[in-house]
Amino acid sequence: MTRIVAGSAKGRTLAVPKSGTRPTSERVREALFSRLDHMNVLDGTTVLDLYAGTGALGLEALSRGSAHAILVEKAAAAARVASSNVRSTGLPARVVTADARSFLAARTGEDLRGDIDLVFIDPPYDIAEADMTAVLSLLGPWLSPDALIVVERSTRAPAPTWPPFLVLEDHRTWGETVAYFAGPPLPTNEPEDGADALADAPASSMNENEGE
């Protein structure tokens, strides 16, 4: 049985397709969201849940304070179940029946100027690495400048290949599942024009006009 672990919809049971999906276990979901709560990244955020399956990750985020979620699932049967879960929980999510790559490719533009604050990527364990890399590379126009990306993989799968606009911040392993946490690189603080010259100037030259 799959349930919402905590928040406004705590304890609500989620429907699960008879086959074709691999819902994140309740134990892993609880550990993952405990980490996200600690990072203070849920409140008021806009969530994108790729390979959504039942929608458990996106709905859990909404139950814990996120503002809106888009649940993207390719399999029509699973998408119908996700839509049923949205209705039964009453949480503010929209289900899109689409392939993750095709969905992401529909938006173009400058990287890190989007409106998505939190992305869950929990693909099938047998996903081709080229597809995994392509999905990550297409995220740029969707992401806000402070976005967090959470990728769930099998511990037997290679680590993701991150595009230039994302850097690995942390990873955690729970049983057979490893979660990677990535976000935009920290901005570099460029000195203002002339700052270097002032910093390098001798004290005497900086004080020579005092008193005028």
# chains A, B, ... in the order shown; residues from 1 in each chain; ligands from 1

call {"tool": "closest_atom_pairs", "arguments": {"of": "segment 22-102 of chain A", "to": "segment 165-175 of chain A", "cutoff": "9 Å", "atoms": "only C-alpha atoms", "output": "CSV"}}
result
residue,atom,partner,partner_atom,distance
A:Arg27,CA,A:Trp174,CA,8.6
A:Val28,CA,A:Trp174,CA,6.4
A:Ala31,CA,A:Trp174,CA,8.0
A:Leu32,CA,A:Arg172,CA,8.6

call {"tool": "write_last_selection", "arguments": {"atoms": "all heavy atoms", "output": "PDB file, in the first residue's frame"}}
result
ATOM      1  N   ARG A  27       9.437   3.916   2.907  1.00  0.00           N
ATOM      2  CA  ARG A  27      10.622   4.146   3.750  1.00  0.00           C
ATOM      3  C   ARG A  27      11.585   5.118   3.078  1.00  0.00           C
ATOM      4  O   ARG A  27      12.099   6.045   3.715  1.00  0.00           O
ATOM      5  CB  ARG A  27      11.337   2.820   4.020  1.00  0.00           C
ATOM      6  CG  ARG A  27      12.562   2.953   4.910  1.00  0.00           C
ATOM      7  CD  ARG A  27      13.177   1.595   5.172  1.00  0.00           C
ATOM      8  NE  ARG A  27      13.702   0.997   3.952  1.00  0.00           N
ATOM      9  CZ  ARG A  27      14.930   1.238   3.469  1.00  0.00           C
ATOM     10  NH1 ARG A  27      15.726   2.098   4.092  1.00  0.00           N
ATOM     11  NH2 ARG A  27      15.349   0.651   2.376  1.00  0.00           N
ATOM     12  N   VAL A  28      11.829   4.926   1.775  1.00  0.00           N
ATOM     13  CA  VAL A  28      12.731   5.819   1.048  1.00  0.00           C
ATOM     14  C   VAL A  28      12.113   7.205   0.929  1.00  0.00           C
ATOM     15  O   VAL A  28      12.791   8.229   1.098  1.00  0.00           O
ATOM     16  CB  VAL A  28      13.069   5.250  -0.341  1.00  0.00           C
ATOM     17  CG1 VAL A  28      13.807   6.291  -1.188  1.00  0.00           C
ATOM     18  CG2 VAL A  28      13.912   3.986  -0.210  1.00  0.00           C
ATOM     19  N   ALA A  31      12.563   9.052   4.169  1.00  0.00           N
ATOM     20  CA  ALA A  31      13.940   9.513   4.353  1.00  0.00           C
ATOM     21  C   ALA A  31      14.255  10.682   3.415  1.00  0.00           C
ATOM     22  O   ALA A  31      14.889  11.666   3.815  1.00  0.00           O
ATOM     23  CB  ALA A  31      14.907   8.360   4.103  1.00  0.00           C
ATOM     24  N   LEU A  32      13.799  10.581   2.169  1.00  0.00           N
ATOM     25  CA  LEU A  32      14.049  11.633   1.190  1.00  0.00           C
ATOM     26  C   LEU A  32      13.408  12.946   1.617  1.00  0.00           C
ATOM     27  O   LEU A  32      14.049  14.007   1.611  1.00  0.00           O
ATOM     28  CB  LEU A  32      13.506  11.208  -0.175  1.00  0.00           C
ATOM     29  CG  LEU A  32      13.478  12.281  -1.273  1.00  0.00           C
ATOM     30  CD1 LEU A  32      14.868  12.794  -1.572  1.00  0.00           C
ATOM     31  CD2 LEU A  32      12.804  11.726  -2.530  1.00  0.00           C
TER      32      LEU A  32
END

call {"tool": "residues_around", "arguments": {"residues": "segment 3-7 of chain A", "least_positions_apart": "4", "cutoff": "10 Å", "atoms": "only C-alpha atoms", "output": "PyMOL selection string"}}
result
chain A and resi 11-15+25-27+29-30+33-34+56-57+59-65+89

call {"tool": "atom_distance", "arguments": {"atom1": "atom CA of Glu176 of chain A", "atom2": "atom CA of Val16 of chain A"}}
result
20.7 Å

call {"tool": "residues_around", "arguments": {"residues": "Pro160 of chain A", "least_positions_apart": "4", "cutoff": "9 Å", "atoms": "only C-alpha atoms", "output": "MDAnalysis selection string"}}
result
chainID A and resid 129 132:133 136 151 153 180

call {"tool": "residues_around", "arguments": {"residues": "segment 90-102 of chain A", "least_positions_apart": "6", "cutoff": "6 Å", "atoms": "only C-alpha atoms", "output": "ChimeraX atom specification"}}
result
/A:68-74,79,135

call {"tool": "residues_around", "arguments": {"residues": "Asp111 of chain A", "least_positions_apart": "6", "cutoff": "12 Å", "atoms": "only C-alpha atoms", "output": "JSON, numbers by chain"}}
result
{"A": [136, 137, 138, 139, 140, 141, 142, 143, 144, 145, 146, 147, 163, 164, 165, 166, 184]}

call {"tool": "residues_around", "arguments": {"residues": "Val41 of chain A", "least_positions_apart": "6", "cutoff": "9 Å", "atoms": "only C-alpha atoms", "output": "JSON, numbers by chain"}}
result
{"A": [66, 117, 118, 147, 148]}

call {"tool": "select_by_dssp", "arguments": {"residues": "chain A", "states": "helix (DSSP H, G or I)", "output": "JSON, numbers by chain"}}
result
{"A": [26, 27, 28, 29, 30, 31, 32, 33, 34, 35, 36, 37, 38, 39, 56, 57, 58, 59, 60, 61, 62, 63, 76, 77, 78, 79, 80, 81, 82, 83, 84, 85, 86, 87, 88, 89, 100, 101, 102, 103, 104, 105, 129, 130, 131, 132, 133, 134, 135, 136, 137, 140, 141, 142, 195, 196, 197, 198, 199, 200, 203, 204, 205, 206, 207]}
